[in-house]
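Below is one structure, written out as structure tokens; the observations come after it.
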Amino acid sequence: MVGHVDHGKTTLVNALSGEWTDRHSEEIKRGISIRLGYADATFRRCPVCKEPDCYTVEETCKHCGSKTKELRTVSFVDSPGHEALMATMLSGAAIMDGAVLLIAASEPCPQPQTKEHLMALNLIGVTRTVIAQNKIDLISREEAIEHYLQIKEFVKGTIAEQSPIIPISAQQSANLDVLIQSLERTIPTPTRAATKPPIMHIARSFDVNRPGTPIEKLRGGVIGGSLLQGKIKQGNKIEIRPGRTVTTGGKEKWLPIETEVTSIMAGGEQLKEVTPGGLIGVGTKLDPSMTIEDSLVGQYVGVPGSLPPTWNKLSIKFHLLERVVGVAKEVEIPAIKVSEGIMLNIGTATTMGEVVRVTERTIDVKLSRPICAEEGARVAIARKIGARWHLIGAGAIISPHPSLGKSK
């Protein structure tokens, strides 16, 4: 779920799943999403009613009272819409198969983060999108049509040009059957490589123990994210990279973390084994202090010895956007310069870097925090403009220039 702040992403997730994903105290106080929110929704179909009335999330059809049949369970990531939280949105989109772009009909289209989020989806390769024209209960029919035409003009020439535009009211749960129908048609479940070694991106990590829990009853840290390939079983030994920092002789080193899977949670159920698709929570034997407050977000998980390299420096084949989006007044983007500080998003990882070498097509960047990633992985590039970080380009990791040395 992506889109401008306060366009109804969290409300729509709640309407489909019954889960309110803003759980952090600051989110509740401010009324906006700050961290990634997660919720599962089971799409169902009535065997009696015709399309689109047959689509629902209810076990009993509201039209004819028949028992509905399960189609599939999907996982939603509720991304924050505020411009200051762009990196958080990118880490959520990186583990998704498609996106719902929410655009509130009560405001002119596009708003700044509507533009920036659509650009971000394009940069990181999320091409299957459905547009939800939300809050239609707040405007007239004529205004809704005019707003629809604004959306069509906005998405012209983008990855969303052919995307369906579904008018809804998340607050009133109106037209959700048509939205589900569109999601089923536009974002099918992809074929995944379940036989390959497991790879998982960590998008959340946390301590599930309540304050004051006796030591003998403490549970290990939990990591959450999406399994991209392979299988994870309870009892598996896993490795987490880049891992943790260790200082020896005044020098800081990053060492991989090895632990064991103690539990797996998916769709609100405890499982012994999980295959790719959907969001999972993996209990481990890690000290919960290592997973508290999303401290492992951006790391890779897999079988020990099978993970991609850890990079302290990157060579990136890149291209810049023509103009900065997501700001009230769009400006042209100057060239990247040596010694400039930039922000990189790779998978669910966010890291800062200093540019050490620039050519017409490539940049070499020294990272402030190492990342684990495959060669060829997509990279979103951001620059600080004023007080905020904004997307300026994208690229892919390539073999490092000899001056950078080898990855680990």
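Ordered as shown in the structure tokens, chains take letters A, B, and onward, while each chain numbers its residues from 1 and ligands are numbered from 1 in the order shown.
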Those of range 88-187 of chain A in DSSP strand (DSSP E), formatted as a list in words |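 In range 88-187 of chain A, DSSP puts these residues in strand (DSSP E): Ala99, Val100, Leu101, Leu102, Ile103, Ala104, Thr129, Val130, Ile131, Ala132, Gln133, Asn134, Ile165, Ile166 and Pro167 of chain A.
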Residues just named, written with N, CA and C atoms as a PDB file, in the first residue's frame:
```pdb
ATOM      1  N   ALA A  99       1.684  -3.647  -6.092  1.00  0.00           N
ATOM      2  CA  ALA A  99       1.355  -2.528  -5.204  1.00  0.00           C
ATOM      3  C   ALA A  99      -0.035  -1.983  -5.490  1.00  0.00           C
ATOM      4  N   VAL A 100      -0.672  -1.495  -4.423  1.00  0.00           N
ATOM      5  CA  VAL A 100      -1.900  -0.707  -4.529  1.00  0.00           C
ATOM      6  C   VAL A 100      -1.497   0.741  -4.286  1.00  0.00           C
ATOM      7  N   LEU A 101      -1.698   1.577  -5.285  1.00  0.00           N
ATOM      8  CA  LEU A 101      -1.396   3.001  -5.162  1.00  0.00           C
ATOM      9  C   LEU A 101      -2.681   3.725  -4.799  1.00  0.00           C
ATOM     10  N   LEU A 102      -2.738   4.239  -3.557  1.00  0.00           N
ATOM     11  CA  LEU A 102      -3.933   4.959  -3.101  1.00  0.00           C
ATOM     12  C   LEU A 102      -3.833   6.434  -3.448  1.00  0.00           C
ATOM     13  N   ILE A 103      -4.905   6.957  -4.043  1.00  0.00           N
ATOM     14  CA  ILE A 103      -4.965   8.372  -4.405  1.00  0.00           C
ATOM     15  C   ILE A 103      -6.307   8.904  -3.907  1.00  0.00           C
ATOM     16  N   ALA A 104      -6.269   9.817  -2.952  1.00  0.00           N
ATOM     17  CA  ALA A 104      -7.506  10.351  -2.375  1.00  0.00           C
ATOM     18  C   ALA A 104      -8.206  11.265  -3.377  1.00  0.00           C
ATOM     19  N   THR A 129       0.562  -2.970 -10.681  1.00  0.00           N
ATOM     20  CA  THR A 129      -0.078  -2.015  -9.775  1.00  0.00           C
ATOM     21  C   THR A 129      -1.574  -1.920 -10.039  1.00  0.00           C
ATOM     22  N   VAL A 130      -2.302  -1.656  -8.962  1.00  0.00           N
ATOM     23  CA  VAL A 130      -3.722  -1.324  -9.029  1.00  0.00           C
ATOM     24  C   VAL A 130      -3.885   0.030  -8.345  1.00  0.00           C
ATOM     25  N   ILE A 131      -4.605   0.931  -8.963  1.00  0.00           N
ATOM     26  CA  ILE A 131      -4.822   2.260  -8.386  1.00  0.00           C
ATOM     27  C   ILE A 131      -6.183   2.293  -7.706  1.00  0.00           C
ATOM     28  N   ALA A 132      -6.188   2.653  -6.431  1.00  0.00           N
ATOM     29  CA  ALA A 132      -7.435   2.794  -5.673  1.00  0.00           C
ATOM     30  C   ALA A 132      -7.741   4.280  -5.511  1.00  0.00           C
ATOM     31  N   GLN A 133      -8.812   4.729  -6.143  1.00  0.00           N
ATOM     32  CA  GLN A 133      -9.255   6.122  -6.017  1.00  0.00           C
ATOM     33  C   GLN A 133     -10.134   6.194  -4.777  1.00  0.00           C
ATOM     34  N   ASN A 134      -9.526   6.562  -3.672  1.00  0.00           N
ATOM     35  CA  ASN A 134     -10.174   6.471  -2.364  1.00  0.00           C
ATOM     36  C   ASN A 134     -10.952   7.749  -2.013  1.00  0.00           C
ATOM     37  N   ILE A 165      -8.101   1.551 -12.454  1.00  0.00           N
ATOM     38  CA  ILE A 165      -8.381   2.582 -11.447  1.00  0.00           C
ATOM     39  C   ILE A 165      -9.737   2.253 -10.833  1.00  0.00           C
ATOM     40  N   ILE A 166      -9.739   1.897  -9.549  1.00  0.00           N
ATOM     41  CA  ILE A 166     -10.962   1.438  -8.886  1.00  0.00           C
ATOM     42  C   ILE A 166     -11.423   2.477  -7.874  1.00  0.00           C
ATOM     43  N   PRO A 167     -12.606   3.090  -8.070  1.00  0.00           N
ATOM     44  CA  PRO A 167     -13.124   4.041  -7.077  1.00  0.00           C
ATOM     45  C   PRO A 167     -13.626   3.299  -5.841  1.00  0.00           C
TER      46      PRO A 167
END
```
Closest-contact table, range 184-293 of chain A side, partner range 34-50 of chain A, 12 Å, counting only C-alpha atoms, as CSV:
```
residue,atom,partner,partner_atom,distance
A:Glu184,CA,A:Phe43,CA,8.7
A:Ile202,CA,A:Leu36,CA,11.7
A:Ala203,CA,A:Leu36,CA,8.0
A:Arg204,CA,A:Leu36,CA,7.8
A:Ser205,CA,A:Leu36,CA,11.1
A:Gly224,CA,A:Tyr38,CA,9.7
A:Gly225,CA,A:Tyr38,CA,9.5
A:Ser226,CA,A:Tyr38,CA,11.1
A:Met265,CA,A:Asp40,CA,11.8
A:Ala266,CA,A:Asp40,CA,8.7
A:Gly267,CA,A:Asp40,CA,5.9
A:Gly268,CA,A:Asp40,CA,8.3
A:Glu269,CA,A:Asp40,CA,11.2
A:Gly277,CA,A:Asp40,CA,11.5
A:Gly278,CA,A:Asp40,CA,8.0
A:Leu279,CA,A:Tyr38,CA,7.7
A:Ile280,CA,A:Tyr38,CA,9.7
A:Gly281,CA,A:Tyr38,CA,10.6
A:Glu293,CA,A:Arg35,CA,10.3
```
Kindly export the residues of the current selection with N, CA and C atoms, as a PDB file, in the first residue's frame.
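Result file part.pdb:
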```
ATOM      1  N   GLU A 184      -6.934  -9.703  -7.964  1.00  0.00           N
ATOM      2  CA  GLU A 184      -6.812 -11.085  -8.414  1.00  0.00           C
ATOM      3  C   GLU A 184      -6.353 -11.157  -9.874  1.00  0.00           C
ATOM      4  N   ILE A 202      15.055  -9.184   5.746  1.00  0.00           N
ATOM      5  CA  ILE A 202      14.474  -8.767   7.024  1.00  0.00           C
ATOM      6  C   ILE A 202      13.908  -7.358   6.875  1.00  0.00           C
ATOM      7  N   ALA A 203      12.585  -7.222   7.107  1.00  0.00           N
ATOM      8  CA  ALA A 203      11.928  -5.921   7.026  1.00  0.00           C
ATOM      9  C   ALA A 203      11.522  -5.403   8.402  1.00  0.00           C
ATOM     10  N   ARG A 204      11.465  -6.283   9.397  1.00  0.00           N
ATOM     11  CA  ARG A 204      11.184  -5.900  10.784  1.00  0.00           C
ATOM     12  C   ARG A 204      11.954  -6.835  11.708  1.00  0.00           C
ATOM     13  N   SER A 205      12.309  -6.364  12.869  1.00  0.00           N
ATOM     14  CA  SER A 205      12.849  -7.243  13.915  1.00  0.00           C
ATOM     15  C   SER A 205      12.449  -6.665  15.262  1.00  0.00           C
ATOM     16  N   GLY A 224      11.201 -10.521  10.975  1.00  0.00           N
ATOM     17  CA  GLY A 224      10.044 -10.588  10.086  1.00  0.00           C
ATOM     18  C   GLY A 224      10.397 -10.122   8.690  1.00  0.00           C
ATOM     19  N   GLY A 225       9.745 -10.705   7.699  1.00  0.00           N
ATOM     20  CA  GLY A 225      10.002 -10.301   6.323  1.00  0.00           C
ATOM     21  C   GLY A 225       9.348 -11.254   5.356  1.00  0.00           C
ATOM     22  N   SER A 226       9.948 -11.399   4.201  1.00  0.00           N
ATOM     23  CA  SER A 226       9.391 -12.247   3.155  1.00  0.00           C
ATOM     24  C   SER A 226      10.450 -13.208   2.644  1.00  0.00           C
ATOM     25  N   MET A 265       5.797 -18.061  12.287  1.00  0.00           N
ATOM     26  CA  MET A 265       4.420 -17.573  12.314  1.00  0.00           C
ATOM     27  C   MET A 265       4.081 -16.979  10.951  1.00  0.00           C
ATOM     28  N   ALA A 266       2.962 -17.413  10.368  1.00  0.00           N
ATOM     29  CA  ALA A 266       2.491 -16.861   9.098  1.00  0.00           C
ATOM     30  C   ALA A 266       0.974 -16.884   9.088  1.00  0.00           C
ATOM     31  N   GLY A 267       0.372 -15.773   8.729  1.00  0.00           N
ATOM     32  CA  GLY A 267      -1.079 -15.703   8.667  1.00  0.00           C
ATOM     33  C   GLY A 267      -1.752 -15.954  10.007  1.00  0.00           C
ATOM     34  N   GLY A 268      -1.066 -15.610  11.100  1.00  0.00           N
ATOM     35  CA  GLY A 268      -1.634 -15.798  12.431  1.00  0.00           C
ATOM     36  C   GLY A 268      -1.552 -17.223  12.937  1.00  0.00           C
ATOM     37  N   GLU A 269      -0.844 -18.100  12.212  1.00  0.00           N
ATOM     38  CA  GLU A 269      -0.730 -19.497  12.619  1.00  0.00           C
ATOM     39  C   GLU A 269       0.722 -19.903  12.809  1.00  0.00           C
ATOM     40  N   GLY A 277       6.436 -16.586  -0.368  1.00  0.00           N
ATOM     41  CA  GLY A 277       5.149 -15.914  -0.519  1.00  0.00           C
ATOM     42  C   GLY A 277       4.587 -15.477   0.814  1.00  0.00           C
ATOM     43  N   GLY A 278       4.141 -14.242   0.884  1.00  0.00           N
ATOM     44  CA  GLY A 278       3.561 -13.739   2.126  1.00  0.00           C
ATOM     45  C   GLY A 278       4.610 -13.302   3.121  1.00  0.00           C
ATOM     46  N   LEU A 279       4.137 -12.768   4.223  1.00  0.00           N
ATOM     47  CA  LEU A 279       5.005 -12.259   5.277  1.00  0.00           C
ATOM     48  C   LEU A 279       5.075 -13.258   6.412  1.00  0.00           C
ATOM     49  N   ILE A 280       6.257 -13.423   6.962  1.00  0.00           N
ATOM     50  CA  ILE A 280       6.455 -14.392   8.041  1.00  0.00           C
ATOM     51  C   ILE A 280       7.202 -13.749   9.201  1.00  0.00           C
ATOM     52  N   GLY A 281       6.979 -14.311  10.380  1.00  0.00           N
ATOM     53  CA  GLY A 281       7.753 -13.961  11.554  1.00  0.00           C
ATOM     54  C   GLY A 281       8.528 -15.186  11.989  1.00  0.00           C
ATOM     55  N   GLU A 293      13.711  -2.993  18.363  1.00  0.00           N
ATOM     56  CA  GLU A 293      13.568  -1.726  17.634  1.00  0.00           C
ATOM     57  C   GLU A 293      14.062  -1.814  16.187  1.00  0.00           C
TER      58      GLU A 293
END
```
Counting only C-alpha atoms, figure out which residue out of A:Pro309, A:Cys54, A:Lys272, A:Ala394 gets nearest to Ala373 in chain A.
-> A:Pro309
May I have the residues within 12 Å of Asp364 in chain A as a PyMOL selection string, using only C-alpha atoms and disregarding those fewer than 6 positions away in the same chain?
-> chain A and resi 311-318+336-342+353-358+395-405
Kindly indicate which residue among A:Thr60, A:Ser106, A:Asn175, A:Gln234 lies nearest to Gln270 in chain A, using only C-alpha atoms for the distances.
-> A:Gln234
